[in-house]
Every structure is written in C-alpha cells, then in structure tokens.
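The block underneath contains the structure these notes are about, expressed in structure tokens.
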There are 2 protein chains.
Amino acid sequence: MGATKTEVFTEQQNSIADLAKAFAHPARVAILQLLVARKACVCGDLVDELDLAQATVSQHLKELKRIGIIQGEINPPRVCYCINPEVWEEARQTFGQMFETITNVTCCN
Amino acid sequence: MGATKTEVFTEQQNSIADLAKAFAHPARVAILQLLVARKACVCGDLVDELDLAQATVSQHLKELKRIGIIQGEINPPRVCYCINPEVWEEARQTFGQMFETITNVTCCN
DNA sequence: ATTTTGTATCGTAATATTGCGATTGATAAA
DNA sequence: TTTATCAATCGCAATATTACGATACAAAAT
C-alpha cells in the first residue's frame, strides 16, 4: 500500500486528479504563473526567480511536461518553456465544469 | 529535504496549491463529485461506493475537511458531509482567475 | 448495562514526492 | 580542440501520501 488505486476510479476521475497535480505544488503554480504572465516562453530564468535548486526546478518542469500542460522547445543551449494551449484549455474546461455544477447547496440540516 | 519549501513561495501560491490538493487524488475527486451530485449530504455510503477501506475514505474526508472544501455534521451515529459553499466558491474563483488570465499564447518560436 | 452501528484514529507498510549536489550531455563560443 | 553555458538526469536523503487492519469511541437501540 502507498500507491493510489487508480483501477477503482473512472478515467475521468484519474484524469482530473492528474491535471490537478499541476497546481498542487506551489513551485509548479509559480512556474505556471510566470509562463502565463510573460505570454512568451521563459527559460532558465525560472531558476533565478524561484529560490530552488536548478535540479529541483528541472524536476517540476518535467512533471508539468508529463502532465502536458507545458511544452519545451530546445533553443540551444537554452530550453524555452511555455503553456500548452490545448491542454490549458482542457484544464480550464475540466475545472470549469467541476465548479459550474454546484448550485443550491442545502447542507446538513 | 522531502518537504515542500513553503517559505519561498507567496501566500497565494501556497494557498492555490493547497486547494488543488483537494482535486489531486481520484478518491477525493470522486467524493467531491458525489457530494455535488446529491446536492445533499452523503454519509458512510461513500465507503460503499468507493471500493476503498473505511479507514482510507475517512482519511480522505479528513484531508478535505482540513482544506475546508467540505464540512461534516455529526448526526449520530452517522456523520453527514457536504460541500462548504464558501470555500467551494473561493476555489471556483481561484481557478477561474488562474485560467482566465491566459489568452494569445504565442509560444516558442 | 450491554450490544450494535457508524466513524475516527492509531500503527504500520508500501510507495511517492520533494529537494539538492554532482554529473552528464549537447551546443556555442573561444 | 578546448572551454563555457545551460539544462537534464542520477543518486540519495528526508518527508509526505496512500492504504488498510485493528482498535477506540460515541450514541442509539435493546
């Protein structure tokens, strides 16, 4: 035990959880905010801005790439990162739906 | 090492990350979806629906309570859970803002 | 008072995540 | 060719998370 039992959940639930992981760490939130704010790609500047070791930042970037919400383009010797618009839009919709469905919460009475 | 360096991030970034954790596990997504769908409070039925041990479900409920996105009301011997509308709204706004800010992504060229 | 019911908590094991120094690798610059 | 630069990856340590059986607890029912 210790590993998530993905088999017992729906594809959708696993997918939402995976997407949410992009935002579930402050470093990744910070990275995404920077990428959004600059509207263009930021590279190793991230390391300077973030007060984390280069290896750590690189690891978070890797996780964000795995999720698909950012993409990197090699521009030697630098790597240029940016939001992946498609996945970003998908995330927007996913969370939008999640939150839109709730109205008239009458609770525990 | 192994612990998140919360000190180096803004309150807002830490807060977003914490909120996102509510959705960063499929079991918690499932619980939230159930609570939203029934519009009323669900109790130990969650255990039946979820194919996870009672202790595990209880632990996820505790985490959701810690985040504040759900609340529990004791109705002995049952406990009635429901979405906390205030925090839910806060989450809606937080993620809404996060996603609204992005437009015209011109990337890595 | 005893039993039953539903839930929280404890203790523990397995696994995942976070963070970083050190190294590697690839390319540009010298 | 050698050196410098930037980023990815490796290896490791510390900590967090996930999952569950067992137990504890509280209130209702008997």
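Letters for chains follow the order of the structure tokens (A, B, ...), residue numbers begin at 1 for each chain, and ligand numbers begin at 1 in the order shown.
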
Would you write out, as a tab-separated table, a table of all residues in chain B that have an atom no more than 8 Å from an atom of chain D, listing for each the closest atom pair and the distance in Å to one decimal, considering only C-alpha atoms (C1' of nucleotides) and ordering rows by chain and rising residue number?
residue	atom	partner	partner_atom	distance
B:Met1	CA	D:DA14	C1'	4.7
B:Gly2	CA	D:DT15	C1'	4.4
B:Ala3	CA	D:DT15	C1'	5.3
B:Ala53	CA	D:DC20	C1'	6.5
B:Ala55	CA	D:DC20	C1'	6.9
B:Thr56	CA	D:DA19	C1'	6.1
B:Pro76	CA	D:DA27	C1'	6.0
B:Pro77	CA	D:DA27	C1'	6.0

Generate a file of the selected residues that holds N, CA and C atoms, formatted as a short mmCIF file (atom, residue, chain, number, x, y, z; two decimals), in the first residue's frame.
data_model
loop_
_atom_site.label_atom_id
_atom_site.label_comp_id
_atom_site.auth_asym_id
_atom_site.auth_seq_id
_atom_site.Cartn_x
_atom_site.Cartn_y
_atom_site.Cartn_z
N MET B 1 15.44 17.41 3.32
CA MET B 1 14.71 17.54 2.05
C MET B 1 13.60 16.51 1.95
N GLY B 2 12.61 16.82 1.15
CA GLY B 2 11.45 15.95 1.05
C GLY B 2 10.20 16.74 1.39
N ALA B 3 10.40 17.81 2.13
CA ALA B 3 9.27 18.68 2.48
C ALA B 3 9.25 19.89 1.56
N ALA B 53 -11.14 1.02 1.66
CA ALA B 53 -11.45 0.68 3.05
C ALA B 53 -12.02 1.89 3.78
N ALA B 55 -11.30 3.11 6.59
CA ALA B 55 -10.26 3.96 7.16
C ALA B 55 -9.66 4.89 6.12
N THR B 56 -9.54 4.38 4.90
CA THR B 56 -8.97 5.19 3.82
C THR B 56 -9.91 6.32 3.44
N PRO B 76 -25.56 11.43 14.93
CA PRO B 76 -25.20 10.11 15.43
C PRO B 76 -26.21 9.03 15.07
N PRO B 77 -25.66 7.83 14.78
CA PRO B 77 -24.23 7.54 14.79
C PRO B 77 -23.56 7.88 13.48
#

Go through chain B and flag each residue having an atom no more than 12 Å from chain C; for those, report the closest pair of atoms plus their distance in Å to one decimal, using only C-alpha atoms (C1' of nucleotides), ordered by chain and rising number, as a Markdown table.
| residue | atom | partner | partner_atom | distance |
| --- | --- | --- | --- | --- |
| B:Met1 | CA | C:DG19 | C1' | 5.0 |
| B:Gly2 | CA | C:DT18 | C1' | 4.1 |
| B:Ala3 | CA | C:DT18 | C1' | 5.6 |
| B:Thr4 | CA | C:DT18 | C1' | 6.1 |
| B:Lys5 | CA | C:DT18 | C1' | 8.7 |
| B:Thr6 | CA | C:DT18 | C1' | 11.4 |
| B:Cys43 | CA | C:DG6 | C1' | 9.4 |
| B:Gly44 | CA | C:DG6 | C1' | 7.4 |
| B:Asp45 | CA | C:DG6 | C1' | 10.6 |
| B:Leu46 | CA | C:DT7 | C1' | 11.9 |
| B:Val47 | CA | C:DT7 | C1' | 10.8 |
| B:Gln54 | CA | C:DT7 | C1' | 8.5 |
| B:Ala55 | CA | C:DA8 | C1' | 8.2 |
| B:Thr56 | CA | C:DA8 | C1' | 11.0 |
| B:Val57 | CA | C:DT7 | C1' | 10.4 |
| B:Ser58 | CA | C:DA8 | C1' | 7.3 |
| B:Gln59 | CA | C:DA8 | C1' | 8.8 |
| B:His60 | CA | C:DA8 | C1' | 11.9 |
| B:Leu61 | CA | C:DA8 | C1' | 10.6 |
| B:Lys62 | CA | C:DA8 | C1' | 9.3 |
| B:Gly72 | CA | C:DT7 | C1' | 11.5 |
| B:Glu73 | CA | C:DT7 | C1' | 11.9 |
| B:Ile74 | CA | C:DT7 | C1' | 9.8 |
| B:Asn75 | CA | C:DG6 | C1' | 10.1 |
| B:Pro76 | CA | C:DG6 | C1' | 7.9 |
| B:Pro77 | CA | C:DG6 | C1' | 5.3 |
| B:Arg78 | CA | C:DG6 | C1' | 5.4 |
| B:Val79 | CA | C:DT7 | C1' | 7.3 |
| B:Cys80 | CA | C:DT7 | C1' | 10.6 |

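Proximity ranking of B:Leu52, B:Met98, B:Ala20, B:Ala91 relative to chain A places B:Ala20 first, based on only C-alpha atoms.
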
Give the strand (DSSP E) residues of stretch 63-101 of chain B, as assigned by DSSP on the backbone, as a list of chain:residue names.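 Assigned to strand (DSSP E), within stretch 63-101 of chain B: B:Ile70, B:Gln71, B:Gly72, B:Glu73, B:Ile74, B:Asn75, B:Arg78, B:Val79, B:Cys80, B:Tyr81, B:Cys82, B:Ile83.
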
Pick from B:Gln93, B:Gln12, B:Leu35, B:Phe23, whichever lies nearest to chain A using only C-alpha atoms: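 Using only C-alpha atoms, chain A sits closest to B:Phe23.
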